[in-house]
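What's in input03.txt: compact mmCIF, N, CA and C atoms
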# COMPACT_ATOMS: atom_id res chain seq x y z
N MET A 207 70.77 95.07 70.24
CA MET A 207 70.46 96.45 70.49
C MET A 207 70.52 96.70 71.99
N SER A 208 71.39 97.61 72.40
CA SER A 208 71.52 97.90 73.82
C SER A 208 71.07 99.33 74.08
N VAL A 209 70.46 99.49 75.23
CA VAL A 209 69.99 100.81 75.64
C VAL A 209 70.98 101.35 76.67
N GLU A 210 71.51 102.51 76.41
CA GLU A 210 72.48 103.11 77.30
C GLU A 210 71.78 104.12 78.19
N ILE A 211 71.64 103.79 79.47
CA ILE A 211 70.96 104.67 80.41
C ILE A 211 71.83 105.89 80.73
N LEU A 212 73.10 105.64 80.97
CA LEU A 212 74.02 106.71 81.30
C LEU A 212 75.29 106.50 80.48
N PRO A 213 75.66 107.47 79.66
CA PRO A 213 76.87 107.31 78.86
C PRO A 213 78.09 107.07 79.75
N GLU A 214 79.04 106.30 79.24
CA GLU A 214 80.22 105.96 80.03
C GLU A 214 80.99 107.20 80.45
N SER A 215 81.06 108.20 79.59
CA SER A 215 81.79 109.43 79.95
C SER A 215 81.14 110.13 81.14
N THR A 216 79.81 110.17 81.16
CA THR A 216 79.11 110.78 82.29
C THR A 216 79.32 109.95 83.56
N LEU A 217 79.25 108.65 83.41
CA LEU A 217 79.48 107.77 84.55
C LEU A 217 80.88 107.96 85.11
N ARG A 218 81.87 108.09 84.24
CA ARG A 218 83.25 108.33 84.68
C ARG A 218 83.36 109.64 85.46
N GLU A 219 82.67 110.67 84.98
CA GLU A 219 82.70 111.97 85.67
C GLU A 219 82.06 111.87 87.06
N VAL A 220 80.92 111.18 87.13
CA VAL A 220 80.22 111.02 88.41
C VAL A 220 81.09 110.22 89.38
N ILE A 221 81.67 109.14 88.90
CA ILE A 221 82.52 108.32 89.75
C ILE A 221 83.77 109.10 90.16
N GLY A 222 84.30 109.90 89.25
CA GLY A 222 85.46 110.73 89.60
C GLY A 222 85.14 111.68 90.75
N LEU A 223 83.94 112.27 90.70
CA LEU A 223 83.51 113.16 91.79
C LEU A 223 83.35 112.38 93.09
N LEU A 224 82.72 111.21 93.01
CA LEU A 224 82.55 110.38 94.21
C LEU A 224 83.90 109.97 94.80
N VAL A 225 84.84 109.61 93.94
CA VAL A 225 86.17 109.22 94.40
C VAL A 225 86.83 110.37 95.15
N ARG A 226 86.75 111.57 94.58
CA ARG A 226 87.33 112.73 95.25
C ARG A 226 86.68 112.98 96.61
N LEU A 227 85.36 112.82 96.67
CA LEU A 227 84.66 113.01 97.94
C LEU A 227 85.09 111.98 98.98
N ILE A 228 85.14 110.72 98.57
CA ILE A 228 85.51 109.65 99.50
C ILE A 228 86.96 109.80 99.96
N GLU A 229 87.86 110.10 99.03
CA GLU A 229 89.26 110.27 99.41
C GLU A 229 89.45 111.50 100.28
N SER A 230 88.67 112.55 100.01
CA SER A 230 88.73 113.75 100.86
C SER A 230 88.24 113.43 102.27
N ALA A 231 87.19 112.62 102.35
CA ALA A 231 86.69 112.21 103.67
C ALA A 231 87.76 111.43 104.43
N GLY A 232 88.45 110.53 103.74
CA GLY A 232 89.52 109.78 104.37
C GLY A 232 90.64 110.67 104.86
N ALA A 233 91.04 111.63 104.02
CA ALA A 233 92.10 112.56 104.40
C ALA A 233 91.65 113.41 105.58
N LEU A 234 90.40 113.83 105.57
CA LEU A 234 89.87 114.65 106.67
C LEU A 234 89.84 113.86 107.98
N ILE A 235 89.46 112.60 107.91
CA ILE A 235 89.45 111.75 109.10
C ILE A 235 90.85 111.63 109.68
N ILE A 236 91.84 111.40 108.83
CA ILE A 236 93.22 111.28 109.29
C ILE A 236 93.70 112.61 109.88
N PHE A 237 93.37 113.71 109.21
CA PHE A 237 93.77 115.03 109.70
C PHE A 237 93.15 115.32 111.07
N ILE A 238 91.85 115.07 111.20
CA ILE A 238 91.16 115.31 112.48
C ILE A 238 91.79 114.45 113.58
N GLY A 239 92.07 113.20 113.26
CA GLY A 239 92.70 112.32 114.24
C GLY A 239 94.07 112.82 114.66
N ALA A 240 94.86 113.32 113.72
CA ALA A 240 96.19 113.83 114.04
C ALA A 240 96.09 115.09 114.90
N VAL A 241 95.17 115.99 114.57
CA VAL A 241 95.00 117.21 115.36
C VAL A 241 94.52 116.85 116.77
N TRP A 242 93.55 115.94 116.85
CA TRP A 242 93.04 115.52 118.15
C TRP A 242 94.16 114.91 119.00
N ALA A 243 94.94 114.01 118.38
CA ALA A 243 96.02 113.35 119.13
C ALA A 243 97.06 114.36 119.57
N PHE A 244 97.39 115.32 118.72
CA PHE A 244 98.36 116.34 119.10
C PHE A 244 97.84 117.18 120.27
N ALA A 245 96.57 117.55 120.20
CA ALA A 245 95.97 118.34 121.29
C ALA A 245 95.99 117.54 122.60
N GLN A 246 95.66 116.27 122.53
CA GLN A 246 95.68 115.42 123.73
C GLN A 246 97.10 115.28 124.27
N PHE A 247 98.06 115.14 123.37
CA PHE A 247 99.46 115.02 123.75
C PHE A 247 99.93 116.28 124.47
N VAL A 248 99.62 117.43 123.90
CA VAL A 248 100.01 118.71 124.52
C VAL A 248 99.31 118.88 125.87
N ALA A 249 98.02 118.56 125.92
CA ALA A 249 97.27 118.70 127.18
C ALA A 249 97.85 117.79 128.25
N ALA A 250 98.22 116.57 127.90
CA ALA A 250 98.81 115.65 128.88
C ALA A 250 100.16 116.17 129.35
N GLY A 251 100.92 116.76 128.46
CA GLY A 251 102.22 117.32 128.85
C GLY A 251 102.08 118.53 129.75
N VAL A 252 101.10 119.38 129.46
CA VAL A 252 100.88 120.58 130.27
C VAL A 252 100.39 120.20 131.66
N ARG A 253 99.51 119.21 131.73
CA ARG A 253 98.99 118.78 133.03
C ARG A 253 100.01 117.98 133.81
N GLY A 254 101.11 117.63 133.16
CA GLY A 254 102.17 116.90 133.85
C GLY A 254 101.86 115.43 134.00
N ARG A 255 100.89 114.95 133.24
CA ARG A 255 100.57 113.52 133.33
C ARG A 255 101.28 112.80 132.18
N GLY A 256 102.58 112.74 132.26
CA GLY A 256 103.37 112.12 131.20
C GLY A 256 103.53 110.62 131.38
N LYS A 257 102.50 109.97 131.83
CA LYS A 257 102.56 108.52 132.03
C LYS A 257 102.47 107.80 130.68
N VAL A 258 103.17 106.70 130.59
CA VAL A 258 103.20 105.93 129.36
C VAL A 258 101.79 105.48 128.98
N ALA A 259 100.99 105.07 129.95
CA ALA A 259 99.63 104.62 129.65
C ALA A 259 98.82 105.73 129.00
N GLY A 260 99.01 106.97 129.44
CA GLY A 260 98.31 108.10 128.82
C GLY A 260 98.71 108.29 127.38
N PHE A 261 99.99 108.19 127.10
CA PHE A 261 100.46 108.32 125.73
C PHE A 261 99.98 107.15 124.87
N ASN A 262 99.93 105.98 125.47
CA ASN A 262 99.45 104.82 124.71
C ASN A 262 97.97 104.96 124.36
N ARG A 263 97.19 105.55 125.25
CA ARG A 263 95.78 105.80 124.93
C ARG A 263 95.66 106.76 123.75
N ILE A 264 96.51 107.76 123.73
CA ILE A 264 96.51 108.72 122.62
C ILE A 264 96.91 108.01 121.33
N ARG A 265 97.95 107.19 121.38
CA ARG A 265 98.38 106.44 120.19
C ARG A 265 97.29 105.50 119.71
N LEU A 266 96.59 104.87 120.65
CA LEU A 266 95.52 103.95 120.31
C LEU A 266 94.40 104.68 119.58
N SER A 267 94.03 105.84 120.07
CA SER A 267 92.99 106.63 119.41
C SER A 267 93.44 107.10 118.03
N LEU A 268 94.68 107.57 117.94
CA LEU A 268 95.20 108.00 116.64
C LEU A 268 95.22 106.83 115.66
N GLY A 269 95.61 105.67 116.13
CA GLY A 269 95.61 104.48 115.27
C GLY A 269 94.23 104.17 114.71
N ARG A 270 93.21 104.35 115.52
CA ARG A 270 91.84 104.12 115.06
C ARG A 270 91.46 105.09 113.95
N PHE A 271 91.85 106.36 114.12
CA PHE A 271 91.59 107.34 113.06
C PHE A 271 92.33 106.96 111.78
N LEU A 272 93.58 106.52 111.92
CA LEU A 272 94.37 106.14 110.75
C LEU A 272 93.74 104.96 110.01
N VAL A 273 93.32 103.97 110.76
CA VAL A 273 92.71 102.79 110.14
C VAL A 273 91.44 103.19 109.39
N LEU A 274 90.60 103.99 110.01
CA LEU A 274 89.36 104.42 109.36
C LEU A 274 89.66 105.26 108.12
N GLY A 275 90.61 106.18 108.22
CA GLY A 275 90.97 107.00 107.07
C GLY A 275 91.52 106.17 105.93
N LEU A 276 92.35 105.19 106.24
CA LEU A 276 92.89 104.31 105.20
C LEU A 276 91.80 103.48 104.53
N GLU A 277 90.78 103.09 105.28
CA GLU A 277 89.66 102.35 104.70
C GLU A 277 88.93 103.22 103.67
N PHE A 278 88.75 104.50 103.98
CA PHE A 278 88.12 105.41 103.03
C PHE A 278 88.99 105.56 101.79
N GLN A 279 90.29 105.68 101.98
CA GLN A 279 91.20 105.83 100.84
C GLN A 279 91.13 104.59 99.94
N LEU A 280 91.09 103.42 100.54
CA LEU A 280 90.99 102.19 99.77
C LEU A 280 89.66 102.12 99.03
N ALA A 281 88.58 102.56 99.68
CA ALA A 281 87.27 102.57 99.02
C ALA A 281 87.31 103.47 97.79
N GLY A 282 87.97 104.60 97.88
CA GLY A 282 88.11 105.49 96.73
C GLY A 282 88.88 104.83 95.61
N ASP A 283 89.93 104.08 95.94
CA ASP A 283 90.71 103.39 94.92
C ASP A 283 89.87 102.31 94.22
N VAL A 284 89.09 101.58 94.99
CA VAL A 284 88.24 100.54 94.41
C VAL A 284 87.20 101.17 93.49
N LEU A 285 86.59 102.24 93.95
CA LEU A 285 85.58 102.92 93.15
C LEU A 285 86.17 103.48 91.86
N ARG A 286 87.40 103.95 91.91
CA ARG A 286 88.05 104.52 90.73
C ARG A 286 88.14 103.50 89.58
N THR A 287 88.27 102.23 89.93
CA THR A 287 88.40 101.20 88.89
C THR A 287 87.07 100.53 88.56
N ALA A 288 85.97 101.13 88.99
CA ALA A 288 84.66 100.50 88.79
C ALA A 288 84.17 100.54 87.35
N VAL A 289 84.61 101.51 86.56
CA VAL A 289 84.11 101.65 85.20
C VAL A 289 85.22 101.27 84.21
N ALA A 290 85.04 100.16 83.55
CA ALA A 290 85.92 99.70 82.48
C ALA A 290 87.40 99.90 82.78
N PRO A 291 87.91 99.25 83.82
CA PRO A 291 89.32 99.44 84.16
C PRO A 291 90.24 98.77 83.15
N SER A 292 91.39 99.38 82.94
CA SER A 292 92.41 98.75 82.10
C SER A 292 93.23 97.81 82.99
N PHE A 293 94.05 96.99 82.35
CA PHE A 293 94.90 96.09 83.14
C PHE A 293 95.89 96.88 83.98
N ALA A 294 96.34 98.03 83.47
CA ALA A 294 97.26 98.87 84.25
C ALA A 294 96.56 99.39 85.49
N GLU A 295 95.32 99.83 85.36
CA GLU A 295 94.57 100.33 86.52
C GLU A 295 94.32 99.22 87.53
N ILE A 296 94.02 98.04 87.05
CA ILE A 296 93.81 96.90 87.95
C ILE A 296 95.10 96.57 88.69
N GLY A 297 96.22 96.61 87.98
CA GLY A 297 97.52 96.36 88.62
C GLY A 297 97.85 97.40 89.66
N GLN A 298 97.58 98.67 89.34
CA GLN A 298 97.81 99.75 90.31
C GLN A 298 96.92 99.57 91.53
N LEU A 299 95.65 99.23 91.30
CA LEU A 299 94.74 99.01 92.42
C LEU A 299 95.24 97.87 93.29
N ALA A 300 95.70 96.80 92.66
CA ALA A 300 96.19 95.65 93.43
C ALA A 300 97.38 96.06 94.30
N ALA A 301 98.30 96.84 93.73
CA ALA A 301 99.48 97.27 94.50
C ALA A 301 99.07 98.19 95.65
N VAL A 302 98.23 99.17 95.35
CA VAL A 302 97.79 100.12 96.38
C VAL A 302 96.98 99.39 97.45
N ALA A 303 96.09 98.50 97.02
CA ALA A 303 95.26 97.75 97.98
C ALA A 303 96.14 96.89 98.87
N ALA A 304 97.16 96.26 98.30
CA ALA A 304 98.05 95.42 99.10
C ALA A 304 98.79 96.25 100.15
N ILE A 305 99.29 97.42 99.74
CA ILE A 305 100.02 98.28 100.67
C ILE A 305 99.10 98.78 101.78
N ARG A 306 97.92 99.27 101.39
CA ARG A 306 96.99 99.81 102.39
C ARG A 306 96.44 98.71 103.29
N THR A 307 96.22 97.53 102.73
CA THR A 307 95.74 96.42 103.54
C THR A 307 96.82 96.00 104.55
N ALA A 308 98.07 95.99 104.11
CA ALA A 308 99.16 95.66 105.03
C ALA A 308 99.26 96.71 106.14
N LEU A 309 99.15 97.98 105.77
CA LEU A 309 99.17 99.05 106.78
C LEU A 309 98.03 98.86 107.78
N ASN A 310 96.83 98.60 107.26
CA ASN A 310 95.68 98.39 108.14
C ASN A 310 95.90 97.19 109.05
N TYR A 311 96.45 96.12 108.50
CA TYR A 311 96.68 94.92 109.30
C TYR A 311 97.63 95.21 110.46
N PHE A 312 98.76 95.84 110.15
CA PHE A 312 99.75 96.10 111.20
C PHE A 312 99.25 97.14 112.19
N LEU A 313 98.53 98.16 111.70
CA LEU A 313 97.94 99.13 112.62
C LEU A 313 96.93 98.45 113.53
N GLY A 314 96.08 97.60 112.95
CA GLY A 314 95.09 96.88 113.75
C GLY A 314 95.74 95.99 114.79
N ARG A 315 96.82 95.33 114.41
CA ARG A 315 97.54 94.48 115.34
C ARG A 315 98.14 95.28 116.49
N GLU A 316 98.72 96.43 116.13
CA GLU A 316 99.30 97.28 117.18
C GLU A 316 98.22 97.83 118.10
N ILE A 317 97.08 98.21 117.52
CA ILE A 317 95.96 98.70 118.34
C ILE A 317 95.51 97.62 119.31
N ALA A 318 95.39 96.39 118.83
CA ALA A 318 94.96 95.29 119.70
C ALA A 318 95.97 95.06 120.81
N GLN A 319 97.27 95.13 120.50
CA GLN A 319 98.29 94.95 121.53
C GLN A 319 98.24 96.06 122.55
N GLU A 320 98.09 97.30 122.07
CA GLU A 320 98.01 98.45 122.98
C GLU A 320 96.79 98.32 123.89
N ARG A 321 95.66 97.94 123.30
CA ARG A 321 94.43 97.80 124.08
C ARG A 321 94.61 96.72 125.15
N ALA A 322 95.22 95.62 124.79
CA ALA A 322 95.44 94.54 125.76
C ALA A 322 96.35 95.01 126.89
N GLU A 323 97.39 95.75 126.55
CA GLU A 323 98.29 96.28 127.58
C GLU A 323 97.56 97.24 128.50
N LEU A 324 96.74 98.11 127.93
CA LEU A 324 96.00 99.07 128.74
C LEU A 324 94.99 98.39 129.65
N GLU A 325 94.34 97.34 129.14
CA GLU A 325 93.37 96.61 129.96
C GLU A 325 94.04 95.87 131.10
N ARG A 326 95.28 95.42 130.87
CA ARG A 326 96.02 94.75 131.94
C ARG A 326 96.57 95.75 132.94
N GLY A 327 96.55 97.03 132.56
CA GLY A 327 97.04 98.07 133.46
C GLY A 327 98.53 98.26 133.39
N GLY A 328 99.18 97.57 132.46
CA GLY A 328 100.63 97.70 132.32
C GLY A 328 100.98 98.74 131.29
N THR A 329 102.25 98.79 130.96
CA THR A 329 102.71 99.70 129.92
C THR A 329 103.06 98.88 128.70
N ALA A 330 102.82 99.45 127.55
CA ALA A 330 103.10 98.75 126.30
C ALA A 330 104.61 98.68 126.10
N SER A 331 105.02 97.65 125.42
CA SER A 331 106.44 97.48 125.16
C SER A 331 106.75 97.85 123.72
N SER A 332 106.00 98.79 123.17
CA SER A 332 106.25 99.21 121.80
C SER A 332 107.43 100.17 121.78
N PRO A 333 108.12 100.29 120.62
CA PRO A 333 109.28 101.16 120.54
C PRO A 333 108.94 102.60 120.88
N GLY A 334 107.75 103.07 120.58
CA GLY A 334 107.36 104.44 120.86
C GLY A 334 107.20 104.70 122.36
N ALA A 335 107.02 103.67 123.14
CA ALA A 335 106.81 103.84 124.57
C ALA A 335 108.11 103.96 125.34
N LYS A 336 109.22 103.54 124.74
CA LYS A 336 110.50 103.56 125.44
C LYS A 336 110.96 105.00 125.63
N GLY A 337 111.51 105.25 126.76
CA GLY A 337 112.09 106.55 127.03
C GLY A 337 111.07 107.59 127.51
N LEU A 338 109.80 107.25 127.55
CA LEU A 338 108.80 108.20 128.03
C LEU A 338 108.75 108.14 129.55
N PRO A 339 108.49 109.27 130.19
CA PRO A 339 108.42 109.26 131.66
C PRO A 339 107.24 108.43 132.15
N THR A 340 107.41 107.84 133.32
CA THR A 340 106.33 107.04 133.90
C THR A 340 105.76 107.71 135.12
Can you turn what I pasted into structure tokens?
Amino acid sequence: MSVEILPESTLREVIGLLVRLIESAGALIIFIGAVWAFAQFVAAGVRGRGKVAGFNRIRLSLGRFLVLGLEFQLAGDVLRTAVAPSFAEIGQLAAVAAIRTALNYFLGREIAQERAELERGGTASSPGAKGLPT
């Protein structure tokens, strides 16, 4: 004899709402980061400070927003499969988690490289830095 505190259908609805909230938060974080980076980019261009280091600082900040937003998106995916997942849902989660984890890894690596370059006072040798005025 089992006692059901919360029916599975209600739990699915609650988790669905939480997933939407978490994924919305992730999307909002990425959006805010993109708007902030664009504003900083325009401000740097208007002030005439088109130095590579300035652009790299903007890219570094944008990368941090992207990493944080992707973490929220991944949390939403994990939460989505919390209630009686099917094998198809588990497979989808594994694929999405692998892609987002790879994105996070490479973004984190690029952020670390950019930070090291900025701390050394040099310019980054990333493809995005080429051709920018110094």
**Item:** Atom-to-atom span, CA of Ile236 (chain A) and CA of Leu272 (chain A), Å
**Value:**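 Computed distance, CA of Ile236 (chain A) to CA of Leu272 (chain A), equals 5.5 Å.
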**Request:** One decimal, Å: what's the distance from atom C of Val225 (chain A) over to CA of Gly282 (chain A), could you say?
**Result:**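 According to the coordinates, atom C of Val225 (chain A) and CA of Gly282 (chain A) are separated by 5.3 Å.
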**Distance of atom N of Phe293 (chain A) from CA of Ser215 (chain A), expressed in Å to one decimal place** =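 Taking CA of Ser215 (chain A) and atom N of Phe293 (chain A), their separation equals 17.6 Å.
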**Message:** When you count only C-alpha atoms, which of these residues is closest to Gln319 (chain A): A:Ile211, A:Val302, A:Leu276, A:Leu266?
**Reply:**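 Result for the nearest residue to Gln319 (chain A): A:Leu266.
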**Message:** Given all atoms listed in the file as the basis, pick out the residue of A:Leu313, A:Thr287, A:Phe247, A:Ala281 nearest to Phe261 (chain A).
**Reply:**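 That would be A:Phe247, the residue with the smallest distance to Phe261 (chain A).
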To test the calculation: enclose all listed atoms of region 221-237 of chain A in a box whose edges run along x, y and z, add 4 Å on each side, then state centre and edge lengths in Å to one decimal, as JSON.
{"center_x": 87.7, "center_y": 111.8, "center_z": 100.0, "size_x": 20.1, "size_y": 15.0, "size_z": 30.2}
